[in-house]
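Asks: Have a peek at start.pdb (PDB, C-alpha atoms and all ligand atoms).
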```
MODEL        1
ATOM      1  CA  MET A   1     -20.356 -15.956  58.561  1.00  0.00           C
ATOM      2  CA  SER A   2     -24.036 -16.693  58.660  1.00  0.00           C
ATOM      3  CA  SER A   3     -25.198 -20.254  59.170  1.00  0.00           C
ATOM      4  CA  VAL A   4     -28.708 -19.351  58.010  1.00  0.00           C
ATOM      5  CA  ALA A   5     -29.675 -18.814  54.381  1.00  0.00           C
ATOM      6  CA  LEU A   6     -31.282 -15.446  53.705  1.00  0.00           C
ATOM      7  CA  ARG A   7     -34.309 -14.866  51.505  1.00  0.00           C
ATOM      8  CA  SER A   8     -34.264 -12.419  48.639  1.00  0.00           C
ATOM      9  CA  ARG A   9     -36.138  -9.149  48.894  1.00  0.00           C
ATOM     10  CA  ALA A  10     -38.775 -10.531  46.517  1.00  0.00           C
ATOM     11  CA  ASP A  11     -39.510 -13.399  48.905  1.00  0.00           C
ATOM     12  CA  ARG A  12     -39.564 -11.715  52.286  1.00  0.00           C
ATOM     13  CA  GLY A  13     -42.812  -9.796  52.114  1.00  0.00           C
ATOM     14  CA  ALA A  14     -44.678 -12.275  54.321  1.00  0.00           C
ATOM     15  CA  HIS A  15     -43.783 -14.501  57.265  1.00  0.00           C
ATOM     16  CA  HIS A  16     -43.219 -18.116  56.295  1.00  0.00           C
ATOM     17  CA  LEU A  17     -42.030 -19.366  59.703  1.00  0.00           C
ATOM     18  CA  GLU A  18     -44.732 -20.172  62.252  1.00  0.00           C
ATOM     19  CA  PRO A  19     -44.703 -18.812  65.797  1.00  0.00           C
ATOM     20  CA  ASP A  20     -45.699 -20.595  68.990  1.00  0.00           C
ATOM     21  CA  HIS A  21     -47.951 -18.962  71.574  1.00  0.00           C
ATOM     22  CA  TYR A  22     -46.563 -18.239  75.032  1.00  0.00           C
ATOM     23  CA  GLY A  23     -49.740 -16.788  76.509  1.00  0.00           C
ATOM     24  CA  ARG A  24     -52.632 -14.439  75.820  1.00  0.00           C
ATOM     25  CA  SER A  25     -53.050 -10.703  76.196  1.00  0.00           C
ATOM     26  CA  VAL A  26     -55.800  -8.997  78.234  1.00  0.00           C
ATOM     27  CA  LEU A  27     -57.911  -8.838  75.058  1.00  0.00           C
ATOM     28  CA  GLY A  28     -57.205 -12.488  74.305  1.00  0.00           C
ATOM     29  CA  HIS A  29     -54.722 -11.999  71.482  1.00  0.00           C
ATOM     30  CA  PRO A  30     -52.012 -14.649  71.251  1.00  0.00           C
ATOM     31  CA  LEU A  31     -48.572 -13.726  72.557  1.00  0.00           C
ATOM     32  CA  GLU A  32     -46.355 -15.038  69.795  1.00  0.00           C
ATOM     33  CA  VAL A  33     -42.773 -16.295  69.924  1.00  0.00           C
ATOM     34  CA  TRP A  34     -40.692 -17.458  66.980  1.00  0.00           C
ATOM     35  CA  ARG A  35     -38.478 -20.096  68.560  1.00  0.00           C
ATOM     36  CA  SER A  36     -34.875 -20.898  67.726  1.00  0.00           C
ATOM     37  CA  SER A  37     -34.030 -24.204  66.057  1.00  0.00           C
ATOM     38  CA  GLY A  38     -31.313 -24.916  68.642  1.00  0.00           C
ATOM     39  CA  LYS A  39     -30.805 -23.958  72.280  1.00  0.00           C
ATOM     40  CA  CYS A  40     -32.066 -20.412  72.824  1.00  0.00           C
ATOM     41  CA  ARG A  41     -29.107 -18.189  73.681  1.00  0.00           C
ATOM     42  CA  LEU A  42     -30.759 -14.849  72.976  1.00  0.00           C
ATOM     43  CA  LEU A  43     -34.333 -13.562  73.288  1.00  0.00           C
ATOM     44  CA  ILE A  44     -35.211 -10.397  71.384  1.00  0.00           C
ATOM     45  CA  PHE A  45     -38.520  -8.654  71.991  1.00  0.00           C
ATOM     46  CA  ALA A  46     -40.136  -5.479  70.657  1.00  0.00           C
ATOM     47  CA  SER A  47     -43.111  -3.285  71.554  1.00  0.00           C
ATOM     48  CA  ILE A  48     -43.567  -3.872  75.248  1.00  0.00           C
ATOM     49  CA  HIS A  49     -44.565  -0.238  74.765  1.00  0.00           C
ATOM     50  CA  GLY A  50     -47.405  -0.304  72.239  1.00  0.00           C
ATOM     51  CA  ASN A  51     -46.502   3.126  70.870  1.00  0.00           C
ATOM     52  CA  GLU A  52     -43.087   1.946  69.669  1.00  0.00           C
ATOM     53  CA  GLY A  53     -44.300   0.040  66.620  1.00  0.00           C
ATOM     54  CA  GLU A  54     -41.205   0.973  64.598  1.00  0.00           C
ATOM     55  CA  THR A  55     -39.329  -1.639  66.652  1.00  0.00           C
ATOM     56  CA  THR A  56     -41.879  -4.327  65.696  1.00  0.00           C
ATOM     57  CA  SER A  57     -41.698  -3.413  61.996  1.00  0.00           C
ATOM     58  CA  ALA A  58     -37.904  -3.575  61.958  1.00  0.00           C
ATOM     59  CA  LEU A  59     -37.678  -6.838  63.924  1.00  0.00           C
ATOM     60  CA  SER A  60     -40.398  -8.393  61.734  1.00  0.00           C
ATOM     61  CA  LEU A  61     -38.524  -7.522  58.542  1.00  0.00           C
ATOM     62  CA  ALA A  62     -35.282  -8.876  60.025  1.00  0.00           C
ATOM     63  CA  LEU A  63     -37.045 -12.147  60.910  1.00  0.00           C
ATOM     64  CA  ARG A  64     -38.508 -12.361  57.394  1.00  0.00           C
ATOM     65  CA  HIS A  65     -34.966 -12.320  55.998  1.00  0.00           C
ATOM     66  CA  LEU A  66     -34.367 -15.812  57.433  1.00  0.00           C
ATOM     67  CA  ALA A  67     -35.022 -18.869  55.275  1.00  0.00           C
ATOM     68  CA  ALA A  68     -35.105 -21.073  58.391  1.00  0.00           C
ATOM     69  CA  PRO A  69     -35.545 -20.436  62.121  1.00  0.00           C
ATOM     70  CA  SER A  70     -32.695 -18.679  63.873  1.00  0.00           C
ATOM     71  CA  PRO A  71     -30.303 -21.261  65.325  1.00  0.00           C
ATOM     72  CA  HIS A  72     -29.930 -19.435  68.650  1.00  0.00           C
ATOM     73  CA  CYS A  73     -32.402 -16.570  68.882  1.00  0.00           C
ATOM     74  CA  ALA A  74     -36.069 -16.485  69.948  1.00  0.00           C
ATOM     75  CA  VAL A  75     -38.128 -13.539  68.731  1.00  0.00           C
ATOM     76  CA  VAL A  76     -41.188 -11.794  70.189  1.00  0.00           C
ATOM     77  CA  LEU A  77     -42.432  -9.158  67.754  1.00  0.00           C
ATOM     78  CA  ALA A  78     -44.932  -7.592  70.168  1.00  0.00           C
ATOM     79  CA  ALA A  79     -44.733  -8.132  73.926  1.00  0.00           C
ATOM     80  CA  ASN A  80     -47.776  -5.842  74.199  1.00  0.00           C
ATOM     81  CA  PRO A  81     -49.994  -6.682  71.207  1.00  0.00           C
ATOM     82  CA  ASP A  82     -53.086  -4.933  72.623  1.00  0.00           C
ATOM     83  CA  GLY A  83     -51.154  -1.688  73.045  1.00  0.00           C
ATOM     84  CA  LEU A  84     -49.759  -2.028  69.526  1.00  0.00           C
ATOM     85  CA  LEU A  85     -53.253  -2.602  68.075  1.00  0.00           C
ATOM     86  CA  ARG A  86     -54.755   0.280  70.014  1.00  0.00           C
ATOM     87  CA  GLY A  87     -51.803   2.614  69.667  1.00  0.00           C
ATOM     88  CA  THR A  88     -51.272   2.960  73.410  1.00  0.00           C
ATOM     89  CA  ARG A  89     -48.061   2.753  75.417  1.00  0.00           C
ATOM     90  CA  GLY A  90     -49.746   0.587  78.045  1.00  0.00           C
ATOM     91  CA  ASN A  91     -51.802  -2.570  77.628  1.00  0.00           C
ATOM     92  CA  ALA A  92     -55.598  -2.702  77.223  1.00  0.00           C
ATOM     93  CA  ARG A  93     -56.027  -1.963  80.950  1.00  0.00           C
ATOM     94  CA  GLY A  94     -53.783   1.090  80.706  1.00  0.00           C
ATOM     95  CA  VAL A  95     -50.916  -0.594  82.537  1.00  0.00           C
ATOM     96  CA  GLU A  96     -47.331   0.399  81.718  1.00  0.00           C
ATOM     97  CA  LEU A  97     -46.012  -3.164  81.373  1.00  0.00           C
ATOM     98  CA  ASN A  98     -42.399  -2.036  81.708  1.00  0.00           C
ATOM     99  CA  ARG A  99     -43.199  -0.939  85.288  1.00  0.00           C
ATOM    100  CA  ASN A 100     -45.264  -4.019  86.149  1.00  0.00           C
ATOM    101  CA  PHE A 101     -42.479  -6.564  86.742  1.00  0.00           C
ATOM    102  CA  PRO A 102     -42.122  -7.993  90.253  1.00  0.00           C
ATOM    103  CA  THR A 103     -38.950  -6.249  91.415  1.00  0.00           C
ATOM    104  CA  SER A 104     -37.821  -5.227  94.881  1.00  0.00           C
ATOM    105  CA  ASP A 105     -38.341  -1.552  93.949  1.00  0.00           C
ATOM    106  CA  TRP A 106     -41.816  -1.899  92.348  1.00  0.00           C
ATOM    107  CA  GLN A 107     -43.977   1.161  93.058  1.00  0.00           C
ATOM    108  CA  SER A 108     -47.744   1.655  93.047  1.00  0.00           C
ATOM    109  CA  ALA A 109     -47.497   5.341  92.086  1.00  0.00           C
ATOM    110  CA  PRO A 110     -48.636   6.325  88.579  1.00  0.00           C
ATOM    111  CA  VAL A 111     -45.942   6.132  85.898  1.00  0.00           C
ATOM    112  CA  LEU A 112     -45.319   9.426  84.130  1.00  0.00           C
ATOM    113  CA  HIS A 113     -44.157   9.562  80.530  1.00  0.00           C
ATOM    114  CA  ARG A 114     -43.728  12.102  77.758  1.00  0.00           C
ATOM    115  CA  GLU A 115     -46.042  12.292  74.755  1.00  0.00           C
ATOM    116  CA  THR A 116     -43.131  13.689  72.744  1.00  0.00           C
ATOM    117  CA  MET A 117     -39.430  14.116  73.468  1.00  0.00           C
ATOM    118  CA  ASP A 118     -39.915  17.847  74.173  1.00  0.00           C
ATOM    119  CA  ALA A 119     -43.069  17.483  76.288  1.00  0.00           C
ATOM    120  CA  PRO A 120     -43.057  17.395  80.097  1.00  0.00           C
ATOM    121  CA  ARG A 121     -43.194  13.973  81.750  1.00  0.00           C
ATOM    122  CA  ASP A 122     -46.835  14.324  82.823  1.00  0.00           C
ATOM    123  CA  ALA A 123     -48.857  11.621  81.037  1.00  0.00           C
ATOM    124  CA  ALA A 124     -49.891   9.116  83.727  1.00  0.00           C
ATOM    125  CA  LEU A 125     -50.200   5.342  83.372  1.00  0.00           C
ATOM    126  CA  SER A 126     -50.769   2.649  85.980  1.00  0.00           C
ATOM    127  CA  PRO A 127     -47.941   0.277  87.007  1.00  0.00           C
ATOM    128  CA  GLY A 128     -50.710  -2.305  87.613  1.00  0.00           C
ATOM    129  CA  ALA A 129     -52.726  -3.235  90.679  1.00  0.00           C
ATOM    130  CA  ALA A 130     -49.808  -5.321  91.954  1.00  0.00           C
ATOM    131  CA  PRO A 131     -46.346  -6.409  90.761  1.00  0.00           C
ATOM    132  CA  GLY A 132     -46.732  -8.848  87.876  1.00  0.00           C
ATOM    133  CA  SER A 133     -50.504  -8.293  87.728  1.00  0.00           C
ATOM    134  CA  GLU A 134     -50.770  -8.333  83.923  1.00  0.00           C
ATOM    135  CA  PRO A 135     -50.978 -11.459  81.746  1.00  0.00           C
ATOM    136  CA  GLU A 136     -48.427 -10.038  79.287  1.00  0.00           C
ATOM    137  CA  THR A 137     -45.940  -9.563  82.154  1.00  0.00           C
ATOM    138  CA  GLN A 138     -46.556 -13.039  83.607  1.00  0.00           C
ATOM    139  CA  ALA A 139     -46.211 -14.670  80.194  1.00  0.00           C
ATOM    140  CA  LEU A 140     -42.931 -12.911  79.394  1.00  0.00           C
ATOM    141  CA  ILE A 141     -41.488 -13.960  82.766  1.00  0.00           C
ATOM    142  CA  SER A 142     -42.535 -17.572  82.110  1.00  0.00           C
ATOM    143  CA  LEU A 143     -41.006 -17.440  78.636  1.00  0.00           C
ATOM    144  CA  VAL A 144     -37.659 -16.172  79.942  1.00  0.00           C
ATOM    145  CA  ARG A 145     -37.652 -18.830  82.657  1.00  0.00           C
ATOM    146  CA  GLU A 146     -38.422 -21.534  80.109  1.00  0.00           C
ATOM    147  CA  LEU A 147     -35.888 -20.406  77.492  1.00  0.00           C
ATOM    148  CA  GLU A 148     -33.080 -19.514  79.937  1.00  0.00           C
ATOM    149  CA  PRO A 149     -31.345 -17.282  77.358  1.00  0.00           C
ATOM    150  CA  GLU A 150     -27.805 -15.993  77.965  1.00  0.00           C
ATOM    151  CA  ALA A 151     -29.156 -12.481  77.374  1.00  0.00           C
ATOM    152  CA  VAL A 152     -32.302 -10.603  76.375  1.00  0.00           C
ATOM    153  CA  VAL A 153     -32.354  -7.699  73.924  1.00  0.00           C
ATOM    154  CA  ALA A 154     -35.324  -5.380  74.546  1.00  0.00           C
ATOM    155  CA  LEU A 155     -36.130  -3.026  71.659  1.00  0.00           C
ATOM    156  CA  HIS A 156     -37.430   0.431  72.530  1.00  0.00           C
ATOM    157  CA  ALA A 157     -37.555   3.943  71.047  1.00  0.00           C
ATOM    158  CA  PRO A 158     -36.545   6.773  70.715  1.00  0.00           C
ATOM    159  CA  LEU A 159     -33.688   7.409  73.202  1.00  0.00           C
ATOM    160  CA  GLU A 160     -30.922   6.485  70.707  1.00  0.00           C
ATOM    161  CA  CYS A 161     -28.606   4.404  72.879  1.00  0.00           C
ATOM    162  CA  ILE A 162     -27.583   0.931  73.901  1.00  0.00           C
ATOM    163  CA  ASP A 163     -28.383   0.698  77.616  1.00  0.00           C
ATOM    164  CA  ASP A 164     -26.600  -2.162  79.351  1.00  0.00           C
ATOM    165  CA  ALA A 165     -26.116  -2.154  83.125  1.00  0.00           C
ATOM    166  CA  ASN A 166     -23.513  -4.921  82.746  1.00  0.00           C
ATOM    167  CA  GLY A 167     -21.465  -3.245  80.023  1.00  0.00           C
ATOM    168  CA  SER A 168     -21.444  -6.618  78.260  1.00  0.00           C
ATOM    169  CA  ALA A 169     -19.662  -7.644  75.078  1.00  0.00           C
ATOM    170  CA  LEU A 170     -23.060  -7.954  73.391  1.00  0.00           C
ATOM    171  CA  GLY A 171     -23.973  -4.398  74.400  1.00  0.00           C
ATOM    172  CA  GLN A 172     -20.611  -3.129  73.191  1.00  0.00           C
ATOM    173  CA  TRP A 173     -21.073  -4.935  69.864  1.00  0.00           C
ATOM    174  CA  LEU A 174     -24.517  -3.338  69.427  1.00  0.00           C
ATOM    175  CA  ALA A 175     -23.133   0.110  70.245  1.00  0.00           C
ATOM    176  CA  ASP A 176     -20.249  -0.334  67.803  1.00  0.00           C
ATOM    177  CA  ARG A 177     -22.484  -1.765  65.103  1.00  0.00           C
ATOM    178  CA  THR A 178     -25.212   0.911  65.401  1.00  0.00           C
ATOM    179  CA  GLY A 179     -22.932   3.852  66.205  1.00  0.00           C
ATOM    180  CA  MET A 180     -25.175   4.774  69.144  1.00  0.00           C
ATOM    181  CA  PRO A 181     -23.947   5.724  72.632  1.00  0.00           C
ATOM    182  CA  PHE A 182     -23.241   2.861  75.063  1.00  0.00           C
ATOM    183  CA  VAL A 183     -24.693   3.740  78.491  1.00  0.00           C
ATOM    184  CA  ARG A 184     -25.075   1.959  81.830  1.00  0.00           C
ATOM    185  CA  ASP A 185     -28.486   3.474  82.634  1.00  0.00           C
ATOM    186  CA  VAL A 186     -31.063   5.767  81.032  1.00  0.00           C
ATOM    187  CA  GLY A 187     -30.679   8.467  83.680  1.00  0.00           C
ATOM    188  CA  TYR A 188     -33.975   8.089  85.526  1.00  0.00           C
ATOM    189  CA  PRO A 189     -35.394   5.405  87.846  1.00  0.00           C
ATOM    190  CA  THR A 190     -37.286   2.529  86.231  1.00  0.00           C
ATOM    191  CA  PRO A 191     -38.843   0.577  89.140  1.00  0.00           C
ATOM    192  CA  GLY A 192     -40.616  -2.568  88.007  1.00  0.00           C
ATOM    193  CA  SER A 193     -38.994  -2.524  84.576  1.00  0.00           C
ATOM    194  CA  PHE A 194     -38.077  -5.668  82.683  1.00  0.00           C
ATOM    195  CA  GLY A 195     -34.415  -4.642  82.887  1.00  0.00           C
ATOM    196  CA  THR A 196     -34.545  -4.303  86.674  1.00  0.00           C
ATOM    197  CA  TRP A 197     -36.333  -7.648  86.945  1.00  0.00           C
ATOM    198  CA  GLY A 198     -33.670  -9.253  84.754  1.00  0.00           C
ATOM    199  CA  ALA A 199     -30.876  -7.789  86.872  1.00  0.00           C
ATOM    200  CA  GLU A 200     -32.468  -9.195  90.036  1.00  0.00           C
ATOM    201  CA  GLN A 201     -32.963 -12.601  88.402  1.00  0.00           C
ATOM    202  CA  GLY A 202     -29.469 -12.796  86.944  1.00  0.00           C
ATOM    203  CA  VAL A 203     -30.751 -12.439  83.366  1.00  0.00           C
ATOM    204  CA  PRO A 204     -28.572  -9.947  81.456  1.00  0.00           C
ATOM    205  CA  VAL A 205     -30.754  -7.411  79.605  1.00  0.00           C
ATOM    206  CA  VAL A 206     -29.525  -5.071  76.888  1.00  0.00           C
ATOM    207  CA  THR A 207     -31.930  -2.280  75.939  1.00  0.00           C
ATOM    208  CA  TYR A 208     -31.612  -1.296  72.298  1.00  0.00           C
ATOM    209  CA  GLU A 209     -33.186   2.167  71.944  1.00  0.00           C
ATOM    210  CA  PHE A 210     -33.878   3.235  68.357  1.00  0.00           C
ATOM    211  CA  PRO A 211     -33.404   6.936  67.630  1.00  0.00           C
ATOM    212  CA  LEU A 212     -36.215   9.151  66.376  1.00  0.00           C
ATOM    213  CA  ILE A 213     -36.247   7.688  62.908  1.00  0.00           C
ATOM    214  CA  THR A 214     -38.338   7.329  59.784  1.00  0.00           C
ATOM    215  CA  PRO A 215     -39.496   3.818  58.839  1.00  0.00           C
ATOM    216  CA  ASP A 216     -37.170   3.949  55.811  1.00  0.00           C
ATOM    217  CA  ASP A 217     -34.146   4.839  57.939  1.00  0.00           C
ATOM    218  CA  ALA A 218     -35.010   2.162  60.504  1.00  0.00           C
ATOM    219  CA  THR A 219     -35.054  -0.383  57.681  1.00  0.00           C
ATOM    220  CA  ARG A 220     -31.730   0.812  56.264  1.00  0.00           C
ATOM    221  CA  LYS A 221     -29.829   1.220  59.540  1.00  0.00           C
ATOM    222  CA  HIS A 222     -31.288  -1.202  62.071  1.00  0.00           C
ATOM    223  CA  VAL A 223     -32.716  -4.160  60.141  1.00  0.00           C
ATOM    224  CA  PRO A 224     -29.206  -5.267  59.037  1.00  0.00           C
ATOM    225  CA  VAL A 225     -28.036  -5.215  62.670  1.00  0.00           C
ATOM    226  CA  LEU A 226     -31.047  -7.300  63.724  1.00  0.00           C
ATOM    227  CA  VAL A 227     -30.476  -9.755  60.854  1.00  0.00           C
ATOM    228  CA  GLU A 228     -26.915 -10.248  62.122  1.00  0.00           C
ATOM    229  CA  LEU A 229     -28.189 -10.886  65.660  1.00  0.00           C
ATOM    230  CA  LEU A 230     -30.635 -13.479  64.326  1.00  0.00           C
ATOM    231  CA  THR A 231     -28.099 -15.291  62.184  1.00  0.00           C
ATOM    232  CA  ARG A 232     -25.090 -15.495  64.494  1.00  0.00           C
ATOM    233  CA  MET A 233     -24.188 -14.806  68.104  1.00  0.00           C
ATOM    234  CA  PRO A 234     -22.008 -11.721  67.661  1.00  0.00           C
ATOM    235  CA  THR A 235     -20.025 -12.357  70.839  1.00  0.00           C
ATOM    236  CA  ASP A 236     -18.830 -15.725  69.496  1.00  0.00           C
ATOM    237  CA  GLY A 237     -16.378 -13.735  67.338  1.00  0.00           C
TER     238      GLY A 237
HETATM  239 ZN    ZN A 301     -40.110   1.814  75.311  1.00  0.00          ZN
ENDMDL
END
```
Turn this file's structure into structure tokens for me.

Replies:
Amino acid sequence: MSSVALRSRADRGAHHLEPDHYGRSVLGHPLEVWRSSGKCRLLIFASIHGNEGETTSALSLALRHLAAPSPHCAVVLAANPDGLLRGTRGNARGVELNRNFPTSDWQSAPVLHRETMDAPRDAALSPGAAPGSEPETQALISLVRELEPEAVVALHAPLECIDDANGSALGQWLADRTGMPFVRDVGYPTPGSFGTWGAEQGVPVVTYEFPLITPDDATRKHVPVLVELLTRMPTDG
């Protein structure tokens, strides 16, 4: 049962709820958060990797389904707006934000990623000059500390899994609901990642990895799951 009225398809083309700002990016763009009407129990963010814009599009459409703010869920459509605008994985300084969090295992070595799923992992980005060096990282940490959510859902692509180190009920629900594999880790080290930071801070993080997917399929398969997350806490039964 949803406690939030949903808008019709005809009405949900544009945002009608207003975000707050929780900081500014390197280029000075506002970091936007759509706050919950009640106590924040869940924070969902997309596009900490600027080249994963399909997660922003899907989360935006899910948010635009709601006639009123989510009762329990805060939403960040783009944790890395500069990367999203410029089409880069990193921020405007070329920093891989998901390796910039102040964790015990943070590393100064370049971060290697793949341009495509079948390419070698040889494209280098910086993890930042120091742990937590980037304004987008600092702002997201401050937001989590302020909101004190029960869990954070981080949207990524395209590994097609629900990655949850805690094996939580929320992670299991997402795996069941999406039909994607439920895993405890992604199979390679992620020093300085948001998930590692959350684990060290006692903030449960579930990583929701879209598959390789067309925008149409993302809308059909994943927007309904995100609408459910925004309208009710699935683990409340
Ligand atoms: Zn990602």

Asks: Using all atoms listed in the file, which residues have at least one atom no more than 6 Å from ligand ZN 301 (chain A)? Output them as a list in words.

Replies: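 Selection of residues at most 6 Å from ligand ZN 301 (chain A): His49, His156 and Ala157 of chain A.
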
Asks: Please produce a file of those selected residues containing C-alpha atoms, as a PDB file, keeping the file's coordinate frame.

Replies:
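This is the output file out-v5.pdb:
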```
ATOM      1  CA  HIS A  49     -44.565  -0.238  74.765  1.00  0.00           C
ATOM      2  CA  HIS A 156     -37.430   0.431  72.530  1.00  0.00           C
ATOM      3  CA  ALA A 157     -37.555   3.943  71.047  1.00  0.00           C
TER       4      ALA A 157
END
```

Asks: One number please: CA of Asp216 (chain A) to CA of Ala14 (chain A), in Å, one decimal.

Replies: 17.9 Å

Asks: I need the residue nearest Ala62 (chain A) from this list: A:Arg86, A:Arg41, A:Lys221, A:Arg114. Use only C-alpha atoms for the distance.

Replies: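 Of A:Arg86, A:Arg41, A:Lys221, A:Arg114, the one nearest Ala62 (chain A) is A:Lys221, counting only C-alpha atoms.
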
Asks: Rank A:Ala218, A:Leu17, A:Leu140, A:Ile48 by their smallest atom-to-atom distance to Pro81 (chain A), using all atoms listed in the file, and report the top residue only.

Replies: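 Closest to Pro81 (chain A) of all the choices is A:Ile48.
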
Asks: Nearest to His72 (chain A) among A:Ser126, A:Thr214, A:Gln107, A:Thr231, with distances taken over only C-alpha atoms: which residue is it?

Replies: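 Smallest distance to His72 (chain A) is found for A:Thr231.
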
Asks: Spell out the residues picked by the PyMOL selection byres (((chain A and resi 92) around 8) and not hetatm) here, as a ChimeraX atom specification.

Replies: /A:26-27,82-83,86,90-91,93-95
